[in-house]
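Enquirer: So here's data11.cif (mmCIF, C-alpha atoms).
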data_query
#
loop_
_atom_site.label_atom_id
_atom_site.label_comp_id
_atom_site.auth_asym_id
_atom_site.auth_seq_id
_atom_site.Cartn_x
_atom_site.Cartn_y
_atom_site.Cartn_z
CA MET A 1 15.22 21.69 -13.88
CA LEU A 2 11.46 21.89 -13.45
CA LEU A 3 9.68 24.72 -11.65
CA VAL A 4 6.06 24.50 -10.54
CA LYS A 5 4.86 27.98 -9.61
CA ASN A 6 1.80 29.90 -8.39
CA GLY A 7 -0.03 26.85 -7.04
CA LYS A 8 -1.61 26.17 -3.68
CA ILE A 9 1.11 23.92 -2.25
CA LEU A 10 0.00 21.16 0.13
CA THR A 11 3.27 19.73 1.43
CA MET A 12 1.90 17.24 4.03
CA THR A 13 4.60 18.50 6.41
CA GLY A 14 2.41 20.92 8.34
CA ARG A 15 3.40 23.98 6.31
CA ASN A 16 1.42 24.88 3.21
CA TYR A 17 1.59 27.79 0.78
CA GLU A 18 -1.48 29.57 -0.56
CA LYS A 19 0.65 30.54 -3.53
CA GLY A 20 4.02 28.85 -3.74
CA CYS A 21 6.60 27.04 -5.81
CA VAL A 22 8.33 23.67 -6.02
CA LEU A 23 11.70 23.31 -7.74
CA VAL A 24 12.87 19.96 -9.09
CA ASP A 25 16.29 18.87 -10.29
CA ASN A 26 17.54 15.41 -11.29
CA GLY A 27 14.28 13.81 -10.20
CA LYS A 28 14.39 15.22 -6.66
CA ILE A 29 12.74 18.15 -4.92
CA VAL A 30 15.41 20.78 -4.24
CA GLN A 31 13.30 23.67 -2.94
CA VAL A 32 9.78 24.44 -1.72
CA ALA A 33 9.12 28.10 -1.09
CA GLU A 34 6.70 30.97 -1.54
CA LYS A 35 8.83 32.37 -4.36
CA ILE A 36 11.59 30.83 -6.47
CA GLY A 37 13.31 32.82 -9.19
CA GLU A 38 12.98 31.54 -12.74
CA THR A 39 16.00 30.93 -14.97
CA SER A 40 16.18 30.29 -18.68
CA ASP A 41 17.13 26.64 -18.25
CA MET A 42 13.97 25.76 -16.30
CA GLU A 43 10.90 24.00 -17.60
CA VAL A 44 8.04 25.93 -15.99
CA ILE A 45 4.52 24.81 -15.07
CA ASP A 46 2.20 27.62 -14.05
CA ALA A 47 -0.19 26.07 -11.51
CA GLU A 48 -2.25 29.23 -11.00
CA GLY A 49 -5.57 28.29 -9.36
CA CYS A 50 -4.52 24.67 -8.88
CA ILE A 51 -3.67 22.43 -5.93
CA VAL A 52 -0.11 21.09 -5.98
CA MET A 53 0.43 18.10 -3.70
CA PRO A 54 2.51 14.96 -3.31
CA GLY A 55 1.67 12.18 -5.75
CA ILE A 56 -1.12 10.01 -4.38
CA ILE A 57 -0.17 6.60 -2.99
CA GLU A 58 -2.24 3.39 -3.06
CA ALA A 59 -1.12 1.41 0.00
CA HIS A 60 -2.76 -1.93 -0.85
CA CYS A 61 -3.75 -3.19 -4.28
CA HIS A 62 -3.19 -5.82 -6.94
CA ILE A 63 -2.54 -3.58 -9.92
CA GLY A 64 -0.45 -5.27 -12.60
CA ILE A 65 -0.64 -8.68 -10.92
CA HIS A 66 -4.40 -9.03 -11.31
CA GLU A 67 -4.95 -7.37 -14.65
CA GLU A 68 -8.23 -5.96 -15.86
CA ASP A 69 -10.16 -7.69 -18.66
CA LYS A 70 -7.62 -10.49 -19.09
CA GLY A 71 -9.35 -13.37 -17.33
CA PHE A 72 -7.14 -16.30 -16.36
CA GLU A 73 -4.19 -15.01 -18.42
CA GLY A 74 -3.98 -11.85 -16.35
CA ALA A 75 -4.79 -13.44 -12.99
CA ASP A 76 -1.41 -13.97 -11.34
CA GLY A 77 -2.19 -12.88 -7.80
CA ASN A 78 -3.18 -16.15 -6.12
CA GLU A 79 -1.22 -19.43 -6.27
CA THR A 80 -4.08 -21.60 -5.05
CA THR A 81 -2.16 -24.87 -4.96
CA ASP A 82 -0.49 -24.39 -1.57
CA PRO A 83 -1.76 -22.27 1.35
CA VAL A 84 1.75 -21.27 2.48
CA THR A 85 3.81 -19.57 -0.25
CA PRO A 86 6.02 -16.87 1.33
CA TYR A 87 8.65 -17.20 -1.39
CA LEU A 88 6.41 -15.84 -4.15
CA ARG A 89 7.43 -12.36 -5.32
CA ALA A 90 5.03 -9.89 -6.87
CA LEU A 91 8.06 -8.53 -8.71
CA ASP A 92 7.96 -11.60 -10.96
CA ALA A 93 4.30 -11.21 -11.96
CA VAL A 94 3.43 -7.51 -12.14
CA ASN A 95 2.85 -6.38 -15.71
CA PRO A 96 3.69 -2.66 -16.11
CA MET A 97 1.67 -2.72 -19.34
CA ASP A 98 -1.57 -3.27 -17.39
CA THR A 99 -3.89 -0.47 -18.56
CA ALA A 100 -4.72 0.29 -14.93
CA PHE A 101 -1.31 1.94 -14.54
CA ASP A 102 -2.35 4.55 -17.12
CA ASP A 103 -5.58 5.12 -15.20
CA ALA A 104 -3.59 5.57 -12.02
CA VAL A 105 -1.24 8.12 -13.59
CA LYS A 106 -4.14 10.12 -15.00
CA ALA A 107 -5.61 10.28 -11.49
CA GLY A 108 -2.41 11.65 -9.95
CA ILE A 109 -1.47 8.31 -8.37
CA THR A 110 2.29 8.05 -8.58
CA SER A 111 3.12 4.95 -6.55
CA VAL A 112 1.47 1.76 -5.32
CA MET A 113 1.99 -1.15 -2.97
CA THR A 114 0.97 -4.18 -5.01
CA GLY A 115 1.17 -7.93 -4.55
CA PRO A 116 -0.56 -11.27 -3.96
CA GLY A 117 -4.22 -11.68 -3.13
CA SER A 118 -5.81 -13.28 -0.09
CA ALA A 119 -6.40 -16.90 -1.15
CA ASN A 120 -3.43 -18.18 0.85
CA VAL A 121 -2.57 -18.03 4.53
CA ILE A 122 0.80 -16.66 3.42
CA GLY A 123 0.56 -15.29 -0.09
CA GLY A 124 4.02 -13.90 -0.75
CA GLN A 125 5.97 -10.66 -1.03
CA PHE A 126 4.58 -7.28 -2.05
CA VAL A 127 6.49 -4.67 -4.03
CA PHE A 128 6.28 -0.88 -3.69
CA MET A 129 6.67 0.74 -7.08
CA LYS A 130 6.06 3.81 -9.22
CA THR A 131 3.15 3.80 -11.66
CA SER A 132 4.96 4.94 -14.82
CA GLY A 133 7.40 2.81 -16.76
CA LYS A 134 7.81 -0.24 -18.95
CA CYS A 135 10.35 -2.24 -16.90
CA ILE A 136 9.33 -3.03 -13.35
CA ASP A 137 12.95 -3.25 -12.21
CA ASP A 138 13.25 0.47 -12.99
CA MET A 139 9.97 1.28 -11.21
CA VAL A 140 10.71 -0.41 -7.87
CA VAL A 141 11.07 1.72 -4.75
CA LYS A 142 11.17 -1.09 -2.19
CA GLU A 143 11.20 -4.88 -2.69
CA PRO A 144 10.22 -6.86 -0.78
CA SER A 145 8.07 -4.29 0.97
CA ALA A 146 5.73 -6.58 2.94
CA MET A 147 4.68 -10.21 3.39
CA LYS A 148 1.03 -10.90 2.63
CA ILE A 149 -0.99 -13.02 5.05
CA ALA A 150 -4.75 -13.58 5.11
CA PHE A 151 -7.43 -14.42 7.64
CA GLY A 152 -11.16 -14.99 7.46
CA GLU A 153 -13.30 -16.19 4.59
CA ASN A 154 -10.91 -16.34 1.68
CA PRO A 155 -8.31 -18.95 2.71
CA LYS A 156 -10.90 -21.27 4.27
CA ARG A 157 -13.19 -21.03 1.25
CA VAL A 158 -10.42 -21.70 -1.28
CA TYR A 159 -8.93 -24.71 0.52
CA ASN A 160 -12.17 -26.18 1.82
CA SER A 161 -13.14 -26.56 -1.84
CA LYS A 162 -9.94 -28.60 -2.31
CA GLY A 163 -10.53 -30.73 0.79
CA LYS A 164 -7.37 -29.59 2.57
CA MET A 165 -6.23 -27.20 5.30
CA PRO A 166 -7.28 -24.57 6.07
CA SER A 167 -11.03 -25.01 6.09
CA THR A 168 -11.43 -23.22 9.44
CA ARG A 169 -10.11 -20.06 11.07
CA MET A 170 -8.27 -22.27 13.56
CA ALA A 171 -6.32 -23.92 10.78
CA THR A 172 -5.45 -20.58 9.17
CA ALA A 173 -3.91 -19.37 12.43
CA ALA A 174 -2.18 -22.71 12.99
CA LEU A 175 -0.56 -22.75 9.55
CA LEU A 176 0.72 -19.20 10.01
CA ARG A 177 2.16 -20.02 13.44
CA GLU A 178 3.75 -23.18 12.07
CA ALA A 179 5.47 -21.30 9.24
CA LEU A 180 6.76 -18.55 11.53
CA THR A 181 7.96 -21.12 14.09
CA LYS A 182 9.86 -23.03 11.41
CA ALA A 183 11.35 -19.80 10.09
CA LYS A 184 12.45 -18.78 13.59
CA ALA A 185 14.20 -22.13 14.14
CA TYR A 186 15.73 -21.96 10.65
CA LYS A 187 17.06 -18.46 11.31
CA ALA A 188 18.72 -19.55 14.56
CA LYS A 189 20.26 -22.59 12.87
CA LYS A 190 21.57 -20.49 10.01
CA GLU A 191 23.11 -17.89 12.33
CA LYS A 192 24.78 -20.65 14.36
CA ALA A 193 26.24 -22.26 11.23
CA ILE A 194 27.54 -18.97 9.87
CA LYS A 195 29.15 -18.12 13.21
CA ALA A 196 30.86 -21.50 13.30
CA GLY A 197 31.96 -21.18 9.68
CA GLU A 198 30.03 -24.28 8.71
CA LEU A 199 28.36 -25.04 5.39
CA PHE A 200 24.65 -24.20 5.50
CA GLU A 201 22.06 -25.19 2.94
CA GLU A 202 19.49 -22.45 2.55
CA ASP A 203 15.77 -23.18 2.53
CA PHE A 204 14.31 -20.91 -0.14
CA LYS A 205 10.82 -20.97 1.38
CA LEU A 206 11.87 -20.14 4.94
CA GLU A 207 14.56 -17.69 3.87
CA SER A 208 11.84 -15.31 2.64
CA LEU A 209 10.38 -15.03 6.15
CA ILE A 210 13.62 -13.83 7.76
CA PRO A 211 13.01 -10.14 6.87
CA VAL A 212 9.69 -10.44 8.73
CA LEU A 213 11.31 -11.93 11.83
CA GLU A 214 14.02 -9.26 11.70
CA ARG A 215 11.28 -6.58 11.52
CA LYS A 216 12.65 -5.26 8.23
CA ILE A 217 9.26 -5.68 6.52
CA PRO A 218 5.78 -6.07 8.05
CA LEU A 219 3.22 -8.77 7.73
CA LYS A 220 0.44 -7.37 5.55
CA ALA A 221 -2.65 -8.86 7.15
CA HIS A 222 -5.86 -9.23 5.16
CA ALA A 223 -8.45 -9.08 7.96
CA HIS A 224 -11.99 -7.71 7.77
CA ARG A 225 -13.86 -9.06 10.80
CA ALA A 226 -13.03 -7.91 14.32
CA ASP A 227 -12.15 -11.40 15.53
CA ASP A 228 -9.84 -11.92 12.55
CA ILE A 229 -8.12 -8.61 13.25
CA LEU A 230 -7.57 -9.68 16.85
CA THR A 231 -6.17 -13.06 15.76
CA ALA A 232 -3.72 -11.27 13.50
CA ILE A 233 -2.68 -9.02 16.37
CA ARG A 234 -2.31 -12.00 18.72
CA ILE A 235 0.06 -13.81 16.35
CA ALA A 236 2.09 -10.69 15.56
CA LYS A 237 2.63 -10.16 19.27
CA GLU A 238 3.66 -13.80 19.79
CA PHE A 239 6.44 -13.47 17.22
CA ASN A 240 7.26 -9.79 17.86
CA VAL A 241 6.83 -8.79 14.24
CA ARG A 242 5.56 -5.65 12.55
CA MET A 243 2.18 -5.67 10.86
CA THR A 244 -0.28 -3.56 8.92
CA LEU A 245 -4.00 -4.24 9.27
CA ASP A 246 -5.37 -4.26 5.74
CA HIS A 247 -9.10 -3.78 5.06
CA CYS A 248 -9.92 -3.58 8.80
CA SER A 249 -13.65 -3.41 7.99
CA GLU A 250 -14.72 -3.89 11.61
CA GLY A 251 -11.86 -1.93 13.13
CA GLN A 252 -14.33 0.60 14.51
CA PHE A 253 -15.56 -2.03 16.99
CA ILE A 254 -12.09 -2.58 18.50
CA ALA A 255 -10.37 0.78 17.97
CA ASP A 256 -8.99 0.75 21.53
CA LYS A 257 -7.37 -2.66 21.02
CA ILE A 258 -5.81 -1.62 17.71
CA LYS A 259 -4.52 1.60 19.23
CA GLN A 260 -2.70 -0.37 21.94
CA THR A 261 -0.71 -2.29 19.33
CA GLY A 262 0.56 0.71 17.39
CA PHE A 263 -0.28 -1.11 14.15
CA PRO A 264 -1.61 1.09 11.32
CA ALA A 265 -4.77 0.39 9.34
CA ILE A 266 -5.29 0.45 5.56
CA ILE A 267 -9.05 0.69 5.17
CA GLY A 268 -11.17 -0.41 2.21
CA PRO A 269 -12.39 -1.29 -0.31
CA THR A 270 -15.54 0.48 0.87
CA LEU A 271 -16.95 1.72 -2.43
CA THR A 272 -18.39 -1.72 -3.20
CA ALA A 273 -21.34 -3.92 -2.31
CA ARG A 274 -21.30 -5.94 0.90
CA SER A 275 -20.58 -9.06 -1.11
CA LYS A 276 -19.27 -11.27 1.71
CA ILE A 277 -20.34 -12.05 5.25
CA GLU A 278 -17.14 -10.59 6.70
CA VAL A 279 -17.78 -7.15 5.16
CA GLN A 280 -21.37 -6.74 6.36
CA ASN A 281 -20.32 -3.93 8.73
CA LYS A 282 -18.03 -1.98 6.43
CA THR A 283 -18.60 1.76 6.41
CA PHE A 284 -16.84 4.94 5.35
CA LYS A 285 -17.05 5.98 9.01
CA THR A 286 -14.30 3.51 9.97
CA PRO A 287 -11.29 5.67 8.92
CA GLY A 288 -12.50 8.63 10.95
CA ILE A 289 -13.22 6.53 14.03
CA LEU A 290 -9.77 4.92 13.92
CA ALA A 291 -7.96 8.19 13.18
CA LYS A 292 -9.68 9.89 16.11
CA ALA A 293 -8.53 6.98 18.29
CA GLY A 294 -4.92 7.80 17.36
CA ILE A 295 -4.39 5.07 14.76
CA LYS A 296 -2.48 5.88 11.56
CA VAL A 297 -4.89 5.39 8.68
CA ALA A 298 -4.60 4.98 4.90
CA ILE A 299 -7.32 4.40 2.32
CA THR A 300 -7.29 1.58 -0.25
CA THR A 301 -9.30 0.68 -3.35
CA ASP A 302 -7.94 -2.88 -3.27
CA HIS A 303 -7.75 -2.52 -7.06
CA PRO A 304 -9.23 -4.12 -9.11
CA VAL A 305 -12.05 -4.46 -6.55
CA VAL A 306 -12.51 -0.70 -6.91
CA PRO A 307 -10.67 0.83 -9.87
CA VAL A 308 -7.49 2.45 -8.61
CA GLN A 309 -8.30 5.85 -10.14
CA TYR A 310 -11.15 6.26 -7.65
CA LEU A 311 -8.85 6.29 -4.63
CA PRO A 312 -9.28 10.08 -4.13
CA ILE A 313 -13.07 9.67 -4.32
CA CYS A 314 -12.91 6.95 -1.64
CA ALA A 315 -10.85 9.32 0.52
CA GLY A 316 -13.50 11.98 -0.08
CA PHE A 317 -16.29 9.75 1.20
CA ALA A 318 -14.19 8.97 4.27
CA ALA A 319 -13.61 12.70 4.79
CA LYS A 320 -17.36 13.31 4.59
CA GLU A 321 -18.11 10.54 7.08
CA GLY A 322 -15.82 11.80 9.82
CA LEU A 323 -12.18 11.57 8.73
CA GLY A 324 -12.06 15.22 7.69
CA ILE A 325 -10.38 16.73 4.65
CA GLU A 326 -6.91 17.22 6.16
CA GLU A 327 -6.66 13.66 7.44
CA ALA A 328 -8.06 12.35 4.16
CA TYR A 329 -5.23 14.06 2.28
CA LYS A 330 -2.76 12.40 4.66
CA ALA A 331 -4.49 9.04 4.26
CA MET A 332 -3.54 8.94 0.58
CA THR A 333 -0.09 10.56 0.84
CA ILE A 334 2.18 10.76 3.88
CA ASN A 335 0.30 8.20 5.98
CA SER A 336 0.41 5.71 3.13
CA ALA A 337 4.14 6.37 2.67
CA GLU A 338 4.87 5.84 6.36
CA ILE A 339 2.74 2.70 6.54
CA CYS A 340 4.50 1.28 3.47
CA GLY A 341 7.94 2.17 4.86
CA VAL A 342 8.88 4.53 2.02
CA ASP A 343 8.38 7.95 3.58
CA ASP A 344 12.07 8.71 3.05
CA ARG A 345 11.29 8.80 -0.67
CA VAL A 346 7.64 9.79 -1.18
CA GLY A 347 4.49 11.06 0.52
CA SER A 348 5.32 14.73 1.03
CA LEU A 349 6.81 17.69 -0.79
CA GLU A 350 10.16 18.03 0.96
CA VAL A 351 13.70 18.75 -0.13
CA GLY A 352 15.52 15.53 -1.01
CA LYS A 353 12.43 13.45 -1.72
CA ASP A 354 11.45 12.03 -5.10
CA ALA A 355 9.74 14.64 -7.25
CA ASP A 356 6.40 12.83 -7.39
CA ILE A 357 3.84 15.60 -7.72
CA ALA A 358 0.16 15.78 -8.62
CA ILE A 359 -1.46 19.00 -9.82
CA PHE A 360 -5.25 19.27 -9.75
CA THR A 361 -7.80 21.92 -10.70
CA GLY A 362 -9.20 21.60 -7.17
CA ASN A 363 -9.59 19.11 -4.34
CA PRO A 364 -9.00 15.66 -5.93
CA MET A 365 -11.61 14.19 -3.59
CA GLU A 366 -14.34 16.04 -5.51
CA VAL A 367 -15.73 14.33 -8.60
CA PHE A 368 -15.52 17.35 -10.91
CA THR A 369 -11.83 17.97 -10.20
CA GLU A 370 -9.46 17.26 -13.06
CA THR A 371 -5.83 16.21 -13.02
CA LYS A 372 -3.71 18.83 -14.80
CA TYR A 373 -0.29 17.20 -14.45
CA THR A 374 1.23 14.09 -12.93
CA ILE A 375 4.97 14.20 -12.31
CA ILE A 376 7.03 11.13 -11.36
CA ASN A 377 10.75 11.34 -10.57
CA GLY A 378 10.71 14.90 -11.88
CA LYS A 379 9.29 13.94 -15.27
CA VAL A 380 5.86 14.98 -16.52
CA VAL A 381 4.17 11.66 -17.29
CA TYR A 382 0.68 13.05 -17.76
CA SER A 383 -0.60 16.42 -18.94
CA ALA A 384 -4.22 17.36 -19.56
CA LYS A 385 -3.13 19.70 -22.34
#
Can I see the file as structure tokens?

Expert:
Amino acid sequence: MLLVKNGKILTMTGRNYEKGCVLVDNGKIVQVAEKIGETSDMEVIDAEGCIVMPGIIEAHCHIGIHEEDKGFEGADGNETTDPVTPYLRALDAVNPMDTAFDDAVKAGITSVMTGPGSANVIGGQFVFMKTSGKCIDDMVVKEPSAMKIAFGENPKRVYNSKGKMPSTRMATAALLREALTKAKAYKAKKEKAIKAGELFEEDFKLESLIPVLERKIPLKAHAHRADDILTAIRIAKEFNVRMTLDHCSEGQFIADKIKQTGFPAIIGPTLTARSKIEVQNKTFKTPGILAKAGIKVAITTDHPVVPVQYLPICAGFAAKEGLGIEEAYKAMTINSAEICGVDDRVGSLEVGKDADIAIFTGNPMEVFTETKYTIINGKVVYSAK
């Protein structure tokens, strides 16, 4: 058993403790209270003067699949030979030995949503995983966790250079509609065959889109510009599927439209130059504007665009520009967990949840704050000692 005591406990449930305790057993949280009695069989961490909070969650990144300092050998996030590749699985390409995972752990980041980039109209399946381990199969929390799709500059730039579709926004939308239409017809045909007891030959490519059509996983839509965001919304409505709006750099211009959909927004990377036309209006004010409009918001580094360890700093800038400190904490914990569909496991300090805990010398959104401990599944995986 592991006992964390005397810390300022931020549970993300609405109830905090100025000086409280968290008890862990078999990798799960078993008690959160003001006082918990110590026993001789407990490993004890005295968090006096520290903030104790849920492990931080990165809701959109390419850690492990687009490795740092590896060049082509470590670039496995974009299969730029076909614009429609829903059957690709991040699970098969993420390298847990990527040094960025160590950086994440040292920053109190305990889990990530990682997967394909935005070169393709449909890029493939994301995986939600823990940040500590050597075998990805042991690190997985949810797989597949989302289906990556992309709008705007990236798909049209990549395939225009190859002289094939899509070279326009129209073609990007058309290819996505075509794939979803084929998957819908395939699903109906499969269900009919199964009901009749007939032999049915599965289509590997279309099979991967069924969880999307059944609303088991969302489309994960790369969309910066307001018109691209609205196109993504339009298509999601047509097919009655779930969706997260990733990047959402011009979401502040259409906050009312986004609010009407109920779709959440994962905002960033904002701590970068305005390197493309579609990000000319990006600002740290966007998270606050959307949150105040009633939209669930998370913050992303889009690692390796911004190094993953700076996620708390990005949340801090958003807090400064209108999101506020409380909502910024949520944007990198419970909101991220809910958006990624894993809030039954992570995102808050509650009985029964995974014991993913970050202990800091102060507010992690401040640059001088240090990580004291990172705990994943009840095990101390980083200690500043």

Enquirer: Using all atoms listed in the file, which residue out of A:Ser249, A:Asn26, A:Asn95, A:Thr301 lies closest to Gln280 in chain A?

Expert: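 Checking each of A:Ser249, A:Asn26, A:Asn95, A:Thr301 against Gln280 in chain A, counting all atoms listed in the file, the winner is A:Ser249.
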
Enquirer: Between A:Ile9, A:Val346, A:Ala226, A:Ile376, which residue has the minimum interatomic distance to Glu48 in chain A, considering all atoms listed in the file?

Expert: A:Ile9

Enquirer: Would you mind telling me which residue in A:Glu201, A:Glu68, A:Glu370, A:Glu43 lies nearest to Ala100 in chain A when using only C-alpha atoms?

Expert: A:Glu68

Enquirer: Considering all atoms listed in the file, state which residue in the set A:Cys135, A:Leu180, A:Ala119, A:Cys50 is at the smallest distance from Asn160 in chain A.

Expert: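 Of A:Cys135, A:Leu180, A:Ala119, A:Cys50, the one nearest Asn160 in chain A is A:Ala119, counting all atoms listed in the file.
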
Enquirer: Please provide the set of residues having any atom within 7 Å of range 102-106 of chain A, restricted to only C-alpha atoms, with same-chain residues fewer than 5 positions apart removed, written as a VMD selection string.

Expert: chain A and resid 131 308 to 309 371 374 382

Enquirer: Pull out every residue that the PyMOL selection byres ((chain A and resi 320) around 12) matches in the shown coordinates and put them as a list in words.

Expert: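 Expected selection for the PyMOL selection byres ((chain A and resi 320) around 12) here is Thr283, Phe284, Lys285, Thr286, Pro287, Gly288, Ile313, Cys314, Ala315, Gly316, Phe317, Ala318, Ala319, Glu321, Gly322, Leu323, Gly324, Ile325, Glu326, Glu327, Ala328, Met365 and Glu366 of chain A.
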
Enquirer: Given the file shown, determine the residues that the PyMOL selection byres ((chain A and resi 225) around 8) selects; report them as a PDB file with C-alpha atoms, in the coordinates of the input.

Expert:
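Writing done, so here's expr.pdb:
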ATOM      1  CA  GLY A 152     -11.160 -14.990   7.460  1.00  0.00           C
ATOM      2  CA  ALA A 223      -8.450  -9.080   7.960  1.00  0.00           C
ATOM      3  CA  HIS A 224     -11.990  -7.710   7.770  1.00  0.00           C
ATOM      4  CA  ALA A 226     -13.030  -7.910  14.320  1.00  0.00           C
ATOM      5  CA  ASP A 227     -12.150 -11.400  15.530  1.00  0.00           C
ATOM      6  CA  ASP A 228      -9.840 -11.920  12.550  1.00  0.00           C
ATOM      7  CA  ILE A 229      -8.120  -8.610  13.250  1.00  0.00           C
ATOM      8  CA  CYS A 248      -9.920  -3.580   8.800  1.00  0.00           C
ATOM      9  CA  SER A 249     -13.650  -3.410   7.990  1.00  0.00           C
ATOM     10  CA  GLU A 250     -14.720  -3.890  11.610  1.00  0.00           C
ATOM     11  CA  GLY A 251     -11.860  -1.930  13.130  1.00  0.00           C
ATOM     12  CA  GLU A 278     -17.140 -10.590   6.700  1.00  0.00           C
ATOM     13  CA  VAL A 279     -17.780  -7.150   5.160  1.00  0.00           C
TER      14      VAL A 279
END

Enquirer: Taking (2.2, 14.3, -14.5) in the file's own coordinates, collect the residues within 10 Å, counting all atoms listed in the file, and hand them back as JSON, numbers by chain.

Expert: {"A": [55, 105, 106, 107, 108, 109, 110, 132, 356, 357, 358, 359, 371, 372, 373, 374, 375, 376, 377, 378, 379, 380, 381, 382, 383, 384]}

Enquirer: Mind checking which residues fall within 10 Å of His303 in chain A, counting all atoms listed in the file, ignoring those fewer than 6 positions away in the same chain, and posting them as a PyMOL selection string?

Expert: chain A and resi 58+60-64+66-68+100+114+269+309-311

Enquirer: Using all atoms listed in the file, pick whichever of A:Glu153, A:Asp98, A:Asp137, A:Glu178 has the shortest atom-to-atom distance to Ile235 in chain A.

Expert: A:Glu178

Enquirer: For a quick check of understanding, using all atoms listed in the file, which of A:Asn281, A:Ser161, A:Ser208, A:Thr11 has the smallest distance to Pro144 in chain A?

Expert: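 Between A:Asn281, A:Ser161, A:Ser208, A:Thr11, the residue approaching Pro144 in chain A most closely is A:Ser208.
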
Enquirer: What would range 98-103 of chain A look like with all heavy atoms restored, written as a JSON list (two decimals), in the frame of the given file?

Expert:
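Written file, rebuild-v7.json:
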[["chain", "number", "residue", "atom", "x", "y", "z"],
["A", 98, "ASP", "N", -0.18, -3.24, -17.81],
["A", 98, "ASP", "CA", -1.57, -3.27, -17.39],
["A", 98, "ASP", "C", -2.15, -1.87, -17.60],
["A", 98, "ASP", "O", -1.58, -0.87, -17.12],
["A", 98, "ASP", "CB", -1.64, -3.68, -15.92],
["A", 98, "ASP", "CG", -3.06, -3.80, -15.37],
["A", 98, "ASP", "OD1", -4.02, -3.52, -16.12],
["A", 98, "ASP", "OD2", -3.20, -4.15, -14.19],
["A", 99, "THR", "N", -3.29, -1.78, -18.27],
["A", 99, "THR", "CA", -3.89, -0.47, -18.56],
["A", 99, "THR", "C", -4.25, 0.31, -17.30],
["A", 99, "THR", "O", -4.39, 1.53, -17.34],
["A", 99, "THR", "CB", -5.15, -0.63, -19.42],
["A", 99, "THR", "OG1", -6.06, -1.53, -18.76],
["A", 99, "THR", "CG2", -4.81, -1.18, -20.80],
["A", 100, "ALA", "N", -4.38, -0.38, -16.19],
["A", 100, "ALA", "CA", -4.72, 0.29, -14.93],
["A", 100, "ALA", "C", -3.62, 1.26, -14.50],
["A", 100, "ALA", "O", -3.90, 2.24, -13.80],
["A", 100, "ALA", "CB", -4.97, -0.73, -13.83],
["A", 101, "PHE", "N", -2.38, 1.01, -14.89],
["A", 101, "PHE", "CA", -1.31, 1.94, -14.54],
["A", 101, "PHE", "C", -1.54, 3.30, -15.20],
["A", 101, "PHE", "O", -1.30, 4.35, -14.61],
["A", 101, "PHE", "CB", 0.06, 1.38, -14.93],
["A", 101, "PHE", "CG", 0.58, 0.35, -13.97],
["A", 101, "PHE", "CD1", 0.61, -0.99, -14.32],
["A", 101, "PHE", "CD2", 1.04, 0.72, -12.72],
["A", 101, "PHE", "CE1", 1.10, -1.95, -13.44],
["A", 101, "PHE", "CE2", 1.53, -0.23, -11.82],
["A", 101, "PHE", "CZ", 1.56, -1.56, -12.18],
["A", 102, "ASP", "N", -2.02, 3.29, -16.45],
["A", 102, "ASP", "CA", -2.35, 4.55, -17.12],
["A", 102, "ASP", "C", -3.48, 5.27, -16.40],
["A", 102, "ASP", "O", -3.44, 6.50, -16.24],
["A", 102, "ASP", "CB", -2.76, 4.29, -18.58],
["A", 102, "ASP", "CG", -1.59, 3.90, -19.45],
["A", 102, "ASP", "OD1", -0.45, 4.26, -19.12],
["A", 102, "ASP", "OD2", -1.82, 3.21, -20.47],
["A", 103, "ASP", "N", -4.48, 4.52, -15.96],
["A", 103, "ASP", "CA", -5.58, 5.12, -15.20],
["A", 103, "ASP", "C", -5.08, 5.74, -13.91],
["A", 103, "ASP", "O", -5.53, 6.83, -13.51],
["A", 103, "ASP", "CB", -6.64, 4.06, -14.88],
["A", 103, "ASP", "CG", -7.36, 3.54, -16.11],
["A", 103, "ASP", "OD1", -7.40, 4.27, -17.11],
["A", 103, "ASP", "OD2", -7.86, 2.40, -16.07]]
